[in-house]
Structures are given as structure tokens and as C-alpha cells.
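Before any comments, here is the structure.
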Amino acid sequence: MSVATIDARGGSIELGSEVTLRVPAGALAEPAEISITRLAERAELSYVYRLEPDGLSFAHPVILEIAFEREPSLQRSAVIGTVIDGDWRRLPTILKRRDGGTSVAAELSHFSDYGVIIEELLPLIASGNH
């Protein structure tokens, strides 16, 4: 578990080299104690991470970045997901290469549980000239 107090000036909190949360300046009106906890359960490519406090709202989106080691196949992509109504749902995600591995990043508007999941890619279909 990692805990940090972040105020209107913005800042970041890290859980080792696994997770980074970046809060931009102006995202919070007042100081907030923010925590990241690695849960025992796993998503497809990472542990599941809980961001708290629940119900905290932001004036601007925050950026969550989660590292993972195992790359999906060419027909699949790694994305950040969250559980909604018992099912994993993908978030718009950016894949980032970095020293020692790969990570994915997504903008968040609220806190929940997040992990790295696999998204099936649709095959490209060549279109002919008509």
C-alpha cells in the first residue's frame, strides 16, 4: 500500500514500479489523502489495484499507469480495465514502452479497482477499389 497527500498543485503517487497515479495541477480543489493498494486478486496481465478514497472527484482527469511483464499476442492488446456490474470493462488506453517492460496508461475521472486486461483485436480487412 502507498499513501500520499496531494493538493491543488498536483502530484503523483507510486506503488513501487508497478503503478503510478499522476494528478495534474487544478484537479483537486482541496488536499486529499490518496492510496493505492495491490489486491490479492489478479486481472489477466497484472494484479488488481484499488485507488481510494472512493467518491473522490476531479476537476481534470488523472492518469493511471500500470506496468506488466507478459505481452499479449499480435491479435490482442493490453488495456486498463475496471469492473462494472461484475464484468471487466476496457478504458481508452495508451501502450507505453519503458525500460524493463511495458505499461499502459488511462485517464480516470473517479477511483475504483483497476487492472491490465486483454482486448481482442479485430482483423484488418483489405478493401478493394470499386
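Simple scheme: letters A, B, ... for chains in C-alpha cells order, numbers from 1 for residues in each chain, numbers from 1 for ligands in the order shown.
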**OP:** For Pro31 of chain A, work out the shell of residues within 10 Å, counting only C-alpha atoms and skipping chain neighbours fewer than 5 positions away, then give it as a list in words.
**Re:**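 Close residues of Pro31 of chain A: Thr5, Ile6, Asp7, Ala8, Arg9 and Gly10 of chain A.
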With all heavy atoms retained, write the just-selected residues as a PDB file, in the first residue's frame.
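That gives us out_25.pdb:
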ATOM      1  N   THR A   5      -0.539  12.551   0.292  1.00  0.00           N
ATOM      2  CA  THR A   5      -1.475  13.674   0.299  1.00  0.00           C
ATOM      3  C   THR A   5      -1.143  14.565  -0.889  1.00  0.00           C
ATOM      4  O   THR A   5      -0.005  15.000  -1.045  1.00  0.00           O
ATOM      5  CB  THR A   5      -1.380  14.469   1.615  1.00  0.00           C
ATOM      6  OG1 THR A   5      -1.714  13.583   2.701  1.00  0.00           O
ATOM      7  CG2 THR A   5      -2.331  15.645   1.612  1.00  0.00           C
ATOM      8  N   ILE A   6      -2.142  14.796  -1.730  1.00  0.00           N
ATOM      9  CA  ILE A   6      -1.966  15.604  -2.930  1.00  0.00           C
ATOM     10  C   ILE A   6      -2.943  16.767  -2.846  1.00  0.00           C
ATOM     11  O   ILE A   6      -4.100  16.591  -2.458  1.00  0.00           O
ATOM     12  CB  ILE A   6      -2.182  14.762  -4.201  1.00  0.00           C
ATOM     13  CG1 ILE A   6      -1.136  13.634  -4.235  1.00  0.00           C
ATOM     14  CG2 ILE A   6      -2.100  15.628  -5.456  1.00  0.00           C
ATOM     15  CD1 ILE A   6      -1.264  12.687  -5.398  1.00  0.00           C
ATOM     16  N   ASP A   7      -2.475  17.955  -3.210  1.00  0.00           N
ATOM     17  CA  ASP A   7      -3.321  19.145  -3.124  1.00  0.00           C
ATOM     18  C   ASP A   7      -3.548  19.750  -4.511  1.00  0.00           C
ATOM     19  O   ASP A   7      -3.281  19.109  -5.528  1.00  0.00           O
ATOM     20  CB  ASP A   7      -2.726  20.166  -2.152  1.00  0.00           C
ATOM     21  CG  ASP A   7      -1.338  20.622  -2.544  1.00  0.00           C
ATOM     22  OD1 ASP A   7      -0.980  20.544  -3.733  1.00  0.00           O
ATOM     23  OD2 ASP A   7      -0.593  21.073  -1.652  1.00  0.00           O
ATOM     24  N   ALA A   8      -4.019  20.980  -4.560  1.00  0.00           N
ATOM     25  CA  ALA A   8      -4.361  21.649  -5.820  1.00  0.00           C
ATOM     26  C   ALA A   8      -3.158  21.836  -6.747  1.00  0.00           C
ATOM     27  O   ALA A   8      -3.324  22.028  -7.947  1.00  0.00           O
ATOM     28  CB  ALA A   8      -5.015  22.991  -5.536  1.00  0.00           C
ATOM     29  N   ARG A   9      -1.940  21.770  -6.192  1.00  0.00           N
ATOM     30  CA  ARG A   9      -0.749  21.897  -7.032  1.00  0.00           C
ATOM     31  C   ARG A   9      -0.484  20.638  -7.853  1.00  0.00           C
ATOM     32  O   ARG A   9       0.338  20.630  -8.755  1.00  0.00           O
ATOM     33  CB  ARG A   9       0.477  22.208  -6.171  1.00  0.00           C
ATOM     34  CG  ARG A   9       0.404  23.570  -5.480  1.00  0.00           C
ATOM     35  CD  ARG A   9       1.553  23.754  -4.556  1.00  0.00           C
ATOM     36  NE  ARG A   9       1.416  22.736  -3.490  1.00  0.00           N
ATOM     37  CZ  ARG A   9       2.193  22.626  -2.439  1.00  0.00           C
ATOM     38  NH1 ARG A   9       3.221  23.425  -2.291  1.00  0.00           N
ATOM     39  NH2 ARG A   9       1.980  21.709  -1.521  1.00  0.00           N
ATOM     40  N   GLY A  10      -1.180  19.552  -7.523  1.00  0.00           N
ATOM     41  CA  GLY A  10      -0.990  18.289  -8.217  1.00  0.00           C
ATOM     42  C   GLY A  10       0.159  17.495  -7.628  1.00  0.00           C
ATOM     43  O   GLY A  10       0.796  17.912  -6.659  1.00  0.00           O
TER      44      GLY A  10
END
Contacts of segment 26-92 of chain A with segment 100-121 of chain A up to 7 Å, shortest pair per row, only C-alpha atoms, as a Markdown table:
| residue | atom | partner | partner_atom | distance |
| --- | --- | --- | --- | --- |
| A:Ala43 | CA | A:Gly115 | CA | 5.4 |
| A:Glu44 | CA | A:Ile117 | CA | 4.9 |
| A:Leu45 | CA | A:Val116 | CA | 5.2 |
| A:Ser46 | CA | A:Val116 | CA | 5.4 |
| A:Tyr47 | CA | A:Gly115 | CA | 6.1 |
| A:Val48 | CA | A:Gly115 | CA | 4.6 |
| A:Tyr49 | CA | A:Tyr114 | CA | 5.3 |
| A:Arg50 | CA | A:Asp113 | CA | 4.3 |
| A:Leu51 | CA | A:Phe111 | CA | 5.3 |
| A:Glu52 | CA | A:Phe111 | CA | 6.0 |
| A:Asp54 | CA | A:Phe111 | CA | 5.8 |
| A:Gly55 | CA | A:His110 | CA | 6.9 |
| A:Leu56 | CA | A:His110 | CA | 6.4 |
| A:Ser57 | CA | A:His110 | CA | 5.8 |
| A:Phe58 | CA | A:Ser109 | CA | 6.2 |
| A:Pro61 | CA | A:Ser109 | CA | 5.1 |
| A:Val62 | CA | A:Leu108 | CA | 5.3 |
| A:Ile63 | CA | A:Glu107 | CA | 4.6 |
| A:Leu64 | CA | A:Ala105 | CA | 5.4 |
| A:Glu65 | CA | A:Ala105 | CA | 4.2 |
| A:Ile66 | CA | A:Ser103 | CA | 5.4 |
| A:Ala67 | CA | A:Ser103 | CA | 4.0 |
| A:Phe68 | CA | A:Ser103 | CA | 5.8 |
| A:Glu69 | CA | A:Gly101 | CA | 5.9 |
| A:Gln75 | CA | A:Leu121 | CA | 5.4 |
| A:Arg76 | CA | A:Glu120 | CA | 4.6 |
| A:Ser77 | CA | A:Glu119 | CA | 5.2 |
| A:Ala78 | CA | A:Ile118 | CA | 4.8 |
| A:Val79 | CA | A:Ile117 | CA | 5.5 |
| A:Ile80 | CA | A:Val116 | CA | 4.6 |
| A:Gly81 | CA | A:Gly115 | CA | 5.5 |
| A:Thr82 | CA | A:Tyr114 | CA | 4.7 |
| A:Val83 | CA | A:Asp113 | CA | 6.9 |
| A:Leu91 | CA | A:Ala106 | CA | 6.7 |
| A:Pro92 | CA | A:Ala106 | CA | 6.2 |
**OP:** Name the residues in contact with Ile13 of chain A at a cut-off of 10 Å, using only C-alpha atoms, excluding same-chain residues fewer than 6 positions from it; report them as a PyMOL selection string.
**Re:** chain A and resi 2-6+19-23+34-36+64
Subject >> All strand (DSSP E or B) residues (DSSP, backbone) inside segment 32-120 of chain A, as an MDAnalysis selection string >> reply: chainID A and resid 32:42 47:52 62:68 76:84 87:90 94:98 101:108 113:120
**OP:** Tell me, as a VMD selection string, which residues lie within 8 Å of His60 of chain A, counting only C-alpha atoms; anything in the same chain fewer than 6 positions away does not count.
**Re:** chain A and resid 24 26 to 27 109
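Residue nearest Ser17 of chain A, chosen from A:Arg98, A:Arg42, A:Arg90, A:Arg70 and counting only C-alpha atoms: A:Arg98.
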**OP:** One decimal, Å: what's the distance from atom CA of Arg38 of chain A over to atom CA of Asp87 of chain A, could you say?
**Re:** 19.2 Å
